[in-house]
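Trainee: I am sharing data-v3.txt, which consists of compact mmCIF, C-alpha atoms:
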# COMPACT_ATOMS: atom_id res chain seq x y z
CA MET A 1 -16.59 -3.58 -10.88
CA LEU A 2 -16.06 -2.65 -7.23
CA ASP A 3 -18.72 -5.11 -6.04
CA SER A 4 -17.02 -7.85 -8.07
CA LEU A 5 -13.66 -7.08 -6.44
CA VAL A 6 -15.21 -7.22 -2.98
CA ALA A 7 -16.77 -10.60 -3.79
CA ASP A 8 -13.41 -11.93 -4.93
CA VAL A 9 -11.72 -10.68 -1.77
CA LEU A 10 -14.40 -12.22 0.45
CA ALA A 11 -13.68 -15.56 -1.24
CA MET A 12 -10.04 -15.27 -0.14
CA VAL A 13 -10.88 -15.05 3.56
CA PRO A 14 -10.08 -18.39 5.24
CA PRO A 15 -13.00 -20.00 7.06
CA ASP A 16 -13.35 -19.32 10.77
CA ASP A 17 -12.81 -22.64 12.52
CA GLY A 18 -13.15 -21.07 15.95
CA GLU A 19 -9.77 -22.27 17.18
CA ASN A 20 -6.60 -21.78 15.16
CA THR A 21 -6.80 -18.66 13.02
CA ARG A 22 -5.74 -19.09 9.41
CA ARG A 23 -4.56 -15.86 7.80
CA THR A 24 -3.82 -14.94 4.19
CA VAL A 25 -2.37 -11.81 2.59
CA LEU A 26 -3.62 -10.01 -0.51
CA GLY A 27 -1.21 -7.57 -2.17
CA LEU A 28 -1.97 -4.50 -4.27
CA ALA A 29 0.91 -3.19 -6.38
CA GLY A 30 0.98 -0.22 -8.71
CA ALA A 31 2.67 3.03 -9.60
CA PRO A 32 2.53 6.03 -7.23
CA ALA A 33 -0.97 7.53 -6.86
CA ALA A 34 -2.68 4.74 -8.80
CA GLY A 35 -5.21 4.42 -5.97
CA LYS A 36 -3.71 1.48 -4.06
CA SER A 37 -4.25 2.75 -0.54
CA THR A 38 -7.79 3.96 -1.28
CA LEU A 39 -8.73 0.56 -2.71
CA ALA A 40 -6.96 -1.37 0.07
CA ARG A 41 -8.76 0.55 2.81
CA TYR A 42 -12.09 0.12 1.05
CA LEU A 43 -11.62 -3.64 0.65
CA VAL A 44 -10.71 -4.00 4.34
CA HIS A 45 -13.78 -1.95 5.26
CA ALA A 46 -16.06 -4.01 2.99
CA VAL A 47 -14.82 -7.33 4.39
CA ASN A 48 -15.29 -6.13 7.96
CA GLU A 49 -18.78 -4.82 7.20
CA THR A 50 -19.72 -8.23 5.80
CA LEU A 51 -17.91 -10.69 8.07
CA GLY A 52 -17.40 -8.74 11.28
CA ALA A 53 -14.98 -6.26 12.79
CA ASP A 54 -11.26 -6.94 12.29
CA THR A 55 -11.82 -9.90 9.99
CA ALA A 56 -9.52 -7.96 7.64
CA GLY A 57 -6.58 -5.71 8.46
CA TYR A 58 -4.42 -3.20 6.60
CA LEU A 59 -0.64 -3.20 6.14
CA PRO A 60 0.77 -0.27 4.10
CA MET A 61 4.23 -0.77 2.63
CA ASP A 62 4.76 2.98 3.06
CA GLY A 63 5.05 2.40 6.81
CA TYR A 64 8.50 1.04 5.98
CA HIS A 65 9.79 4.28 4.49
CA LEU A 66 13.17 5.13 5.94
CA SER A 67 13.00 8.13 8.24
CA ASN A 68 14.12 11.51 6.97
CA ALA A 69 17.14 11.26 9.27
CA GLN A 70 18.23 8.02 7.60
CA LEU A 71 17.58 9.37 4.11
CA GLU A 72 19.75 12.39 4.90
CA ARG A 73 22.48 10.13 6.26
CA LEU A 74 22.37 8.06 3.07
CA GLY A 75 22.21 11.08 0.77
CA ARG A 76 18.85 9.92 -0.64
CA SER A 77 16.49 12.64 0.55
CA ASP A 78 15.95 13.85 -3.02
CA ARG A 79 14.79 10.39 -4.16
CA LYS A 80 12.45 9.50 -1.31
CA GLY A 81 10.13 6.76 -2.54
CA ALA A 82 12.74 4.92 -4.63
CA PRO A 83 13.13 1.19 -3.89
CA ASP A 84 16.26 1.67 -1.76
CA THR A 85 14.53 4.23 0.51
CA PHE A 86 12.44 1.58 2.27
CA ASP A 87 13.25 -0.95 4.98
CA VAL A 88 12.33 -3.83 2.73
CA HIS A 89 13.78 -6.43 5.12
CA GLY A 90 11.55 -5.10 7.87
CA TYR A 91 8.54 -5.29 5.56
CA LEU A 92 9.39 -8.86 4.57
CA ALA A 93 9.79 -9.81 8.23
CA MET A 94 6.29 -8.48 8.94
CA LEU A 95 4.81 -10.39 6.00
CA ARG A 96 6.35 -13.57 7.39
CA ARG A 97 5.12 -12.86 10.92
CA LEU A 98 1.48 -12.29 10.04
CA PRO A 99 0.47 -15.84 9.00
CA VAL A 100 1.99 -17.41 12.12
CA GLU A 101 1.55 -14.86 14.93
CA THR A 102 -2.18 -15.26 15.49
CA ASP A 103 -2.19 -15.49 19.30
CA HIS A 104 -1.57 -11.78 19.96
CA PRO A 105 -2.08 -8.39 18.31
CA VAL A 106 0.55 -7.43 15.73
CA TYR A 107 1.14 -3.69 15.42
CA VAL A 108 2.16 -2.33 12.03
CA PRO A 109 3.43 1.10 10.94
CA ASP A 110 2.02 3.65 8.53
CA TYR A 111 3.30 6.76 6.75
CA ASP A 112 2.06 10.20 7.78
CA ARG A 113 1.92 12.64 4.87
CA ARG A 114 1.58 15.59 7.22
CA LEU A 115 4.71 14.68 9.17
CA HIS A 116 6.45 13.24 6.08
CA GLU A 117 7.64 10.41 8.32
CA PRO A 118 6.77 6.77 9.09
CA VAL A 119 4.72 6.30 12.26
CA ALA A 120 5.02 3.15 14.35
CA ALA A 121 2.03 1.02 15.38
CA ARG A 122 -0.69 3.09 13.72
CA HIS A 123 -2.53 -0.09 12.63
CA VAL A 124 -3.11 -3.38 14.41
CA ILE A 125 -3.73 -6.87 13.09
CA GLU A 126 -5.88 -8.58 15.69
CA PRO A 127 -5.50 -12.27 16.62
CA HIS A 128 -8.75 -13.18 14.85
CA THR A 129 -7.91 -11.25 11.65
CA ARG A 130 -8.04 -13.73 8.75
CA LEU A 131 -7.13 -11.50 5.79
CA VAL A 132 -4.50 -8.77 5.53
CA VAL A 133 -4.54 -6.36 2.59
CA THR A 134 -1.15 -4.81 1.93
CA GLU A 135 -0.25 -2.31 -0.77
CA GLY A 136 2.78 -0.55 -2.15
CA ASN A 137 4.75 0.40 -5.23
CA TYR A 138 7.28 -2.42 -5.37
CA LEU A 139 5.38 -5.56 -4.38
CA ALA A 140 5.74 -7.00 -7.89
CA SER A 141 9.42 -6.10 -8.34
CA ASP A 142 11.94 -8.60 -9.69
CA HIS A 143 14.81 -6.88 -7.89
CA ALA A 144 16.24 -8.46 -4.73
CA PRO A 145 15.14 -8.46 -1.99
CA TRP A 146 11.76 -7.15 -3.20
CA ASP A 147 11.39 -10.28 -5.33
CA GLN A 148 10.66 -12.26 -2.15
CA VAL A 149 7.41 -10.38 -1.54
CA ARG A 150 5.20 -12.10 -4.14
CA GLY A 151 5.63 -15.55 -2.67
CA LEU A 152 4.15 -14.41 0.65
CA MET A 153 0.74 -13.49 -0.81
CA VAL A 154 -2.30 -15.46 -1.92
CA GLU A 155 -2.73 -13.04 -4.85
CA LEU A 156 -1.08 -9.85 -6.06
CA TRP A 157 -3.19 -7.34 -8.00
CA TYR A 158 -1.86 -4.48 -10.10
CA VAL A 159 -3.85 -1.28 -9.57
CA GLU A 160 -3.64 0.79 -12.74
CA ALA A 161 -4.45 4.41 -13.58
CA THR A 162 -3.34 6.58 -16.49
CA ASP A 163 -0.15 8.59 -16.15
CA LEU A 164 -2.14 11.80 -16.56
CA VAL A 165 -4.45 10.95 -13.65
CA ARG A 166 -1.60 9.77 -11.44
CA GLU A 167 0.57 12.84 -12.00
CA ARG A 168 -2.33 15.16 -11.27
CA ARG A 169 -2.84 13.33 -7.99
CA LEU A 170 0.88 13.40 -7.23
CA ASN A 171 1.07 17.12 -7.86
CA ARG A 172 -1.90 17.73 -5.55
CA ARG A 173 -0.29 15.48 -2.94
CA GLN A 174 2.87 17.58 -2.97
CA ARG A 175 0.89 20.83 -2.79
CA ALA A 176 -1.14 19.48 0.13
CA GLY A 177 2.13 18.67 1.88
CA GLY A 178 3.24 22.30 1.68
CA ALA A 179 5.21 22.42 -1.58
CA GLY A 180 4.79 25.36 -3.93
CA ALA A 181 3.68 24.86 -7.53
CA ASN A 182 7.20 24.73 -8.97
CA ALA A 183 8.57 22.52 -6.20
CA ALA A 184 5.65 20.10 -6.55
CA ARG A 185 6.12 19.81 -10.31
CA GLU A 186 9.89 19.37 -9.93
CA TRP A 187 9.45 16.61 -7.32
CA VAL A 188 7.00 14.68 -9.49
CA GLU A 189 9.33 14.89 -12.48
CA ARG A 190 12.50 14.01 -10.56
CA SER A 191 11.22 11.33 -8.18
CA ASP A 192 7.64 10.13 -8.63
CA ARG A 193 7.80 9.79 -12.41
CA PRO A 194 10.90 7.54 -12.56
CA ASN A 195 9.56 5.49 -9.64
CA GLY A 196 6.33 4.97 -11.57
CA GLU A 197 8.15 3.93 -14.73
CA LEU A 198 10.06 1.32 -12.73
CA VAL A 199 6.89 -0.05 -11.14
CA LYS A 200 5.17 -0.41 -14.52
CA ARG A 201 7.91 -2.77 -15.70
CA PHE A 202 6.67 -5.41 -13.22
CA ARG A 203 2.99 -5.25 -14.10
CA ASP A 204 2.99 -8.72 -15.68
CA ASN A 205 4.19 -10.28 -12.41
CA CYS A 206 0.74 -9.66 -10.91
CA THR A 207 -2.15 -12.12 -10.95
CA ARG A 208 -4.62 -9.57 -12.32
CA VAL A 209 -4.89 -5.92 -13.37
CA VAL A 210 -7.50 -3.76 -11.65
CA ARG A 211 -8.78 -0.44 -12.97
CA VAL A 212 -11.33 1.25 -10.74
CA SER A 213 -12.57 4.79 -10.19
CA GLY A 214 -14.86 6.40 -7.68
CA VAL A 215 -13.72 4.19 -4.78
CA PRO A 216 -15.08 5.62 -1.50
CA ARG A 217 -12.33 6.88 0.79
CA ILE A 218 -12.11 5.18 4.17
CA ARG A 219 -10.57 6.73 7.29
CA SER A 220 -10.74 5.13 10.73
CA GLY A 221 -13.49 2.77 9.66
CA LYS A 222 -15.71 5.52 8.24
CA THR A 223 -16.72 6.06 4.63
CA LEU A 224 -15.95 9.65 3.67
CA PRO A 225 -17.54 11.64 0.85
CA ASN A 226 -15.79 10.89 -2.43
CA ARG A 227 -13.87 13.73 -4.04
CA ARG A 228 -12.38 14.10 -7.46
CA ARG A 229 -8.77 12.99 -7.39
Spit out the file's structure as structure tokens when you get a sec.
Mentor:
Amino acid sequence: MLDSLVADVLAMVPPDDGENTRRTVLGLAGAPAAGKSTLARYLVHAVNETLGADTAGYLPMDGYHLSNAQLERLGRSDRKGAPDTFDVHGYLAMLRRLPVETDHPVYVPDYDRRLHEPVAARHVIEPHTRLVVTEGNYLASDHAPWDQVRGLMVELWYVEATDLVRERRLNRRQRAGGAGANAAREWVERSDRPNGELVKRFRDNCTRVVRVSGVPRIRSGKTLPNRRR
């Protein structure tokens, strides 16, 4: 299954004409902890291993989380991860920049789960990058302004995992971030679960549904040993 996905992604990469870079964007949507970022990083890695360094680049929607200071100002700290806790207009602006700004590096943000904050310019899309893989919860949403996202992508895949698997991962994610057992469970029930139910409503807006397991984890261009998630 994974090899088939890689082949399909390679077919999306525009040809290298040696002069004007053509660039397309593949989106991965799905509920929290479905495996979107793991798959996105692996696909970028696989394309670069096959076609050369920086042929593909990575754009995580989570880089557009509002900062904790802004969430506190808005009174939304307890619902971090909901659709209105992202700078969606900033994310849309980046999606519109990427196909046309091919004469200079474009720096894109990420989210740091240790800091619990977005981090500017952690990733770079190089001038010769021809495919960008982006992923996030709300890429398939029908709600404005998220509904503008789909039209900026060549394809949008829905990454699916069972609720049981996702909530186990979400609980471990909270524990790894320093939450106690009760706090982790309460956060998943109060925030992650309703966010996931919202995301699932837009599944049919995607061009295909992807269910994969055992995807190697990629960090900084290296394949890391797979662990049970």
Trainee: Env of A:Ala29: 10 Å cut, atoms = only C-alpha atoms, seq-sep filter 2 positions within chain, self excluded. Answer as a PyMOL selection string.
Mentor: chain A and resi 27+31-32+34-37+61+134-141+156-160+199-200+202-203+205-206+209-210
Trainee: Just want the 9 Å neighbourhood of A:Asn171, counted on all atoms listed in the file, with same-chain residues fewer than 4 positions away dropped. Output as a list of chain:residue names.
Mentor: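 The neighbour list is A:Arg166, A:Glu167, A:Arg175, A:Ala176, A:Ala181, A:Ala184, A:Arg185, A:Trp187, A:Val188.
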Trainee: Grab the atom CA of A:Tyr111 to atom CA of A:Arg23 distance for me, in Å with one decimal place.
Mentor: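 Taking atom CA of A:Tyr111 and atom CA of A:Arg23, their separation equals 24.0 Å.
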Trainee: Which residues come within 10 Å of A:Arg96, counting all atoms listed in the file, excluding same-chain residues fewer than 5 positions away, as a PDB file with C-alpha atoms, in the coordinates of the input?
Mentor:
ATOM      1  CA  GLY A  90      11.550  -5.100   7.870  1.00  0.00           C
ATOM      2  CA  TYR A  91       8.540  -5.290   5.560  1.00  0.00           C
ATOM      3  CA  GLU A 101       1.550 -14.860  14.930  1.00  0.00           C
ATOM      4  CA  VAL A 149       7.410 -10.380  -1.540  1.00  0.00           C
ATOM      5  CA  LEU A 152       4.150 -14.410   0.650  1.00  0.00           C
ATOM      6  CA  MET A 153       0.740 -13.490  -0.810  1.00  0.00           C
TER       7      MET A 153
END
Trainee: Atom CA of A:Val44 and atom CA of A:Pro194, how far apart in Å?
Mentor: 29.8 Å
Trainee: When you look at A:Glu126 with a cut-off of 7 Å (counting all atoms listed in the file), what residues show up, excluding the ones that are within fewer than 2 positions of it in the same chain? I need them as a compact mmCIF listing (two decimals) with C-alpha atoms, in the coordinates of the input.
Mentor:
# COMPACT_ATOMS: atom_id res chain seq x y z
CA ASP A 54 -11.26 -6.94 12.29
CA HIS A 104 -1.57 -11.78 19.96
CA PRO A 105 -2.08 -8.39 18.31
CA VAL A 106 0.55 -7.43 15.73
CA VAL A 124 -3.11 -3.38 14.41
CA HIS A 128 -8.75 -13.18 14.85
CA THR A 129 -7.91 -11.25 11.65
Trainee: For a quick check of understanding, using all atoms listed in the file, which of A:Asp8, A:Asp192, A:Glu155, A:Asp142 has the smallest distance to A:Arg173?
Mentor: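 Distance minimum relative to A:Arg173 lands on A:Asp192.
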Trainee: What is the distance between atom CA of A:Met94 and atom CA of A:Ser191, in Å to one decimal?
Mentor: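 Atom-to-atom, atom CA of A:Met94 to atom CA of A:Ser191, that is 26.6 Å.
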Trainee: Which is closest to A:Arg190 among A:Ala93, A:Leu59, A:Ala120, A:Ala82, if we use only C-alpha atoms?
Mentor: A:Ala82
Trainee: At a cut-off of 8 Å, using only C-alpha atoms, what residues contact A:Arg41? Leave out same-chain residues fewer than 5 positions from it and give the result as a list in words.
Mentor: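 Returned residues: Tyr58, Arg217, Ile218 and Arg219 of chain A.
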Trainee: Using all atoms listed in the file, pick whichever of A:Ala11, A:Leu43, A:Leu131, A:Ala33 has the shortest atom-to-atom distance to A:Leu98.
Mentor: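 Closest candidate: A:Leu131.
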Trainee: Between A:Leu170, A:Val133, A:Val6, A:Ala40, which is the closest to A:Glu189 once you count only C-alpha atoms?
Mentor: A:Leu170
Trainee: Pick the closest to A:Ser4 from A:Gly196, A:Thr21, A:Pro118, A:Val212: which is it, counting all atoms listed in the file?
Mentor: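 Ranking A:Gly196, A:Thr21, A:Pro118, A:Val212 by distance to A:Ser4, first place goes to A:Val212.
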Trainee: Would you mind completing stretch 19-30 of chain A to all heavy atoms and writing the output as a PDB file, keeping the file's coordinate frame?
Mentor:
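Heads up, here's the output in result11.pdb:
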ATOM      1  N   GLU A  19     -10.906 -21.921  16.327  1.00  0.00           N
ATOM      2  CA  GLU A  19      -9.770 -22.270  17.180  1.00  0.00           C
ATOM      3  C   GLU A  19      -8.491 -21.635  16.640  1.00  0.00           C
ATOM      4  O   GLU A  19      -8.105 -20.551  17.061  1.00  0.00           O
ATOM      5  CB  GLU A  19      -9.627 -23.801  17.267  1.00  0.00           C
ATOM      6  CG  GLU A  19     -10.810 -24.479  17.950  1.00  0.00           C
ATOM      7  CD  GLU A  19     -10.643 -25.976  18.034  1.00  0.00           C
ATOM      8  OE1 GLU A  19      -9.599 -26.488  17.586  1.00  0.00           O
ATOM      9  OE2 GLU A  19     -11.562 -26.635  18.543  1.00  0.00           O
ATOM     10  N   ASN A  20      -7.858 -22.291  15.698  1.00  0.00           N
ATOM     11  CA  ASN A  20      -6.600 -21.780  15.160  1.00  0.00           C
ATOM     12  C   ASN A  20      -6.886 -20.880  13.959  1.00  0.00           C
ATOM     13  O   ASN A  20      -7.405 -21.337  12.940  1.00  0.00           O
ATOM     14  CB  ASN A  20      -5.690 -22.946  14.740  1.00  0.00           C
ATOM     15  CG  ASN A  20      -5.315 -23.812  15.920  1.00  0.00           C
ATOM     16  OD1 ASN A  20      -5.024 -23.307  17.002  1.00  0.00           O
ATOM     17  ND2 ASN A  20      -5.338 -25.126  15.722  1.00  0.00           N
ATOM     18  N   THR A  21      -6.550 -19.610  14.093  1.00  0.00           N
ATOM     19  CA  THR A  21      -6.800 -18.660  13.020  1.00  0.00           C
ATOM     20  C   THR A  21      -5.899 -18.926  11.830  1.00  0.00           C
ATOM     21  O   THR A  21      -4.679 -19.056  11.978  1.00  0.00           O
ATOM     22  CB  THR A  21      -6.562 -17.221  13.510  1.00  0.00           C
ATOM     23  OG1 THR A  21      -7.439 -16.949  14.609  1.00  0.00           O
ATOM     24  CG2 THR A  21      -6.804 -16.211  12.393  1.00  0.00           C
ATOM     25  N   ARG A  22      -6.509 -19.051  10.664  1.00  0.00           N
ATOM     26  CA  ARG A  22      -5.740 -19.090   9.410  1.00  0.00           C
ATOM     27  C   ARG A  22      -5.791 -17.697   8.807  1.00  0.00           C
ATOM     28  O   ARG A  22      -6.829 -17.047   8.800  1.00  0.00           O
ATOM     29  CB  ARG A  22      -6.340 -20.116   8.451  1.00  0.00           C
ATOM     30  CG  ARG A  22      -6.145 -21.567   8.872  1.00  0.00           C
ATOM     31  CD  ARG A  22      -6.838 -22.487   7.886  1.00  0.00           C
ATOM     32  NE  ARG A  22      -6.449 -22.183   6.512  1.00  0.00           N
ATOM     33  CZ  ARG A  22      -7.252 -22.318   5.449  1.00  0.00           C
ATOM     34  NH1 ARG A  22      -8.497 -22.724   5.617  1.00  0.00           N
ATOM     35  NH2 ARG A  22      -6.828 -22.024   4.249  1.00  0.00           N
ATOM     36  N   ARG A  23      -4.647 -17.233   8.290  1.00  0.00           N
ATOM     37  CA  ARG A  23      -4.560 -15.860   7.800  1.00  0.00           C
ATOM     38  C   ARG A  23      -3.866 -15.834   6.451  1.00  0.00           C
ATOM     39  O   ARG A  23      -2.832 -16.483   6.266  1.00  0.00           O
ATOM     40  CB  ARG A  23      -3.798 -15.013   8.812  1.00  0.00           C
ATOM     41  CG  ARG A  23      -3.681 -13.548   8.455  1.00  0.00           C
ATOM     42  CD  ARG A  23      -2.949 -12.801   9.561  1.00  0.00           C
ATOM     43  NE  ARG A  23      -3.731 -12.745  10.791  1.00  0.00           N
ATOM     44  CZ  ARG A  23      -3.194 -12.575  12.002  1.00  0.00           C
ATOM     45  NH1 ARG A  23      -1.887 -12.472  12.136  1.00  0.00           N
ATOM     46  NH2 ARG A  23      -3.980 -12.517  13.064  1.00  0.00           N
ATOM     47  N   THR A  24      -4.430 -15.111   5.507  1.00  0.00           N
ATOM     48  CA  THR A  24      -3.820 -14.940   4.190  1.00  0.00           C
ATOM     49  C   THR A  24      -3.591 -13.451   3.937  1.00  0.00           C
ATOM     50  O   THR A  24      -4.158 -12.587   4.602  1.00  0.00           O
ATOM     51  CB  THR A  24      -4.712 -15.523   3.083  1.00  0.00           C
ATOM     52  OG1 THR A  24      -5.999 -14.896   3.133  1.00  0.00           O
ATOM     53  CG2 THR A  24      -4.872 -17.024   3.233  1.00  0.00           C
ATOM     54  N   VAL A  25      -2.750 -13.181   2.931  1.00  0.00           N
ATOM     55  CA  VAL A  25      -2.370 -11.810   2.590  1.00  0.00           C
ATOM     56  C   VAL A  25      -2.660 -11.560   1.118  1.00  0.00           C
ATOM     57  O   VAL A  25      -2.223 -12.322   0.253  1.00  0.00           O
ATOM     58  CB  VAL A  25      -0.879 -11.545   2.883  1.00  0.00           C
ATOM     59  CG1 VAL A  25      -0.503 -10.111   2.503  1.00  0.00           C
ATOM     60  CG2 VAL A  25      -0.564 -11.807   4.351  1.00  0.00           C
ATOM     61  N   LEU A  26      -3.399 -10.487   0.845  1.00  0.00           N
ATOM     62  CA  LEU A  26      -3.620 -10.010  -0.510  1.00  0.00           C
ATOM     63  C   LEU A  26      -2.771  -8.776  -0.731  1.00  0.00           C
ATOM     64  O   LEU A  26      -2.764  -7.866   0.104  1.00  0.00           O
ATOM     65  CB  LEU A  26      -5.101  -9.659  -0.720  1.00  0.00           C
ATOM     66  CG  LEU A  26      -5.437  -8.830  -1.972  1.00  0.00           C
ATOM     67  CD1 LEU A  26      -5.165  -9.631  -3.246  1.00  0.00           C
ATOM     68  CD2 LEU A  26      -6.877  -8.332  -1.923  1.00  0.00           C
ATOM     69  N   GLY A  27      -2.046  -8.719  -1.859  1.00  0.00           N
ATOM     70  CA  GLY A  27      -1.210  -7.570  -2.170  1.00  0.00           C
ATOM     71  C   GLY A  27      -1.777  -6.741  -3.309  1.00  0.00           C
ATOM     72  O   GLY A  27      -2.351  -7.275  -4.262  1.00  0.00           O
ATOM     73  N   LEU A  28      -1.612  -5.431  -3.201  1.00  0.00           N
ATOM     74  CA  LEU A  28      -1.970  -4.500  -4.270  1.00  0.00           C
ATOM     75  C   LEU A  28      -0.710  -3.725  -4.645  1.00  0.00           C
ATOM     76  O   LEU A  28      -0.160  -2.980  -3.825  1.00  0.00           O
ATOM     77  CB  LEU A  28      -3.046  -3.506  -3.816  1.00  0.00           C
ATOM     78  CG  LEU A  28      -4.343  -4.078  -3.241  1.00  0.00           C
ATOM     79  CD1 LEU A  28      -5.293  -2.942  -2.852  1.00  0.00           C
ATOM     80  CD2 LEU A  28      -5.019  -5.019  -4.229  1.00  0.00           C
ATOM     81  N   ALA A  29      -0.239  -3.922  -5.870  1.00  0.00           N
ATOM     82  CA  ALA A  29       0.910  -3.190  -6.380  1.00  0.00           C
ATOM     83  C   ALA A  29       0.433  -2.128  -7.354  1.00  0.00           C
ATOM     84  O   ALA A  29      -0.722  -2.122  -7.776  1.00  0.00           O
ATOM     85  CB  ALA A  29       1.887  -4.156  -7.066  1.00  0.00           C
ATOM     86  N   GLY A  30       1.329  -1.241  -7.725  1.00  0.00           N
ATOM     87  CA  GLY A  30       0.980  -0.220  -8.710  1.00  0.00           C
ATOM     88  C   GLY A  30       1.848   0.998  -8.562  1.00  0.00           C
ATOM     89  O   GLY A  30       2.532   1.188  -7.548  1.00  0.00           O
TER      90      GLY A  30
END
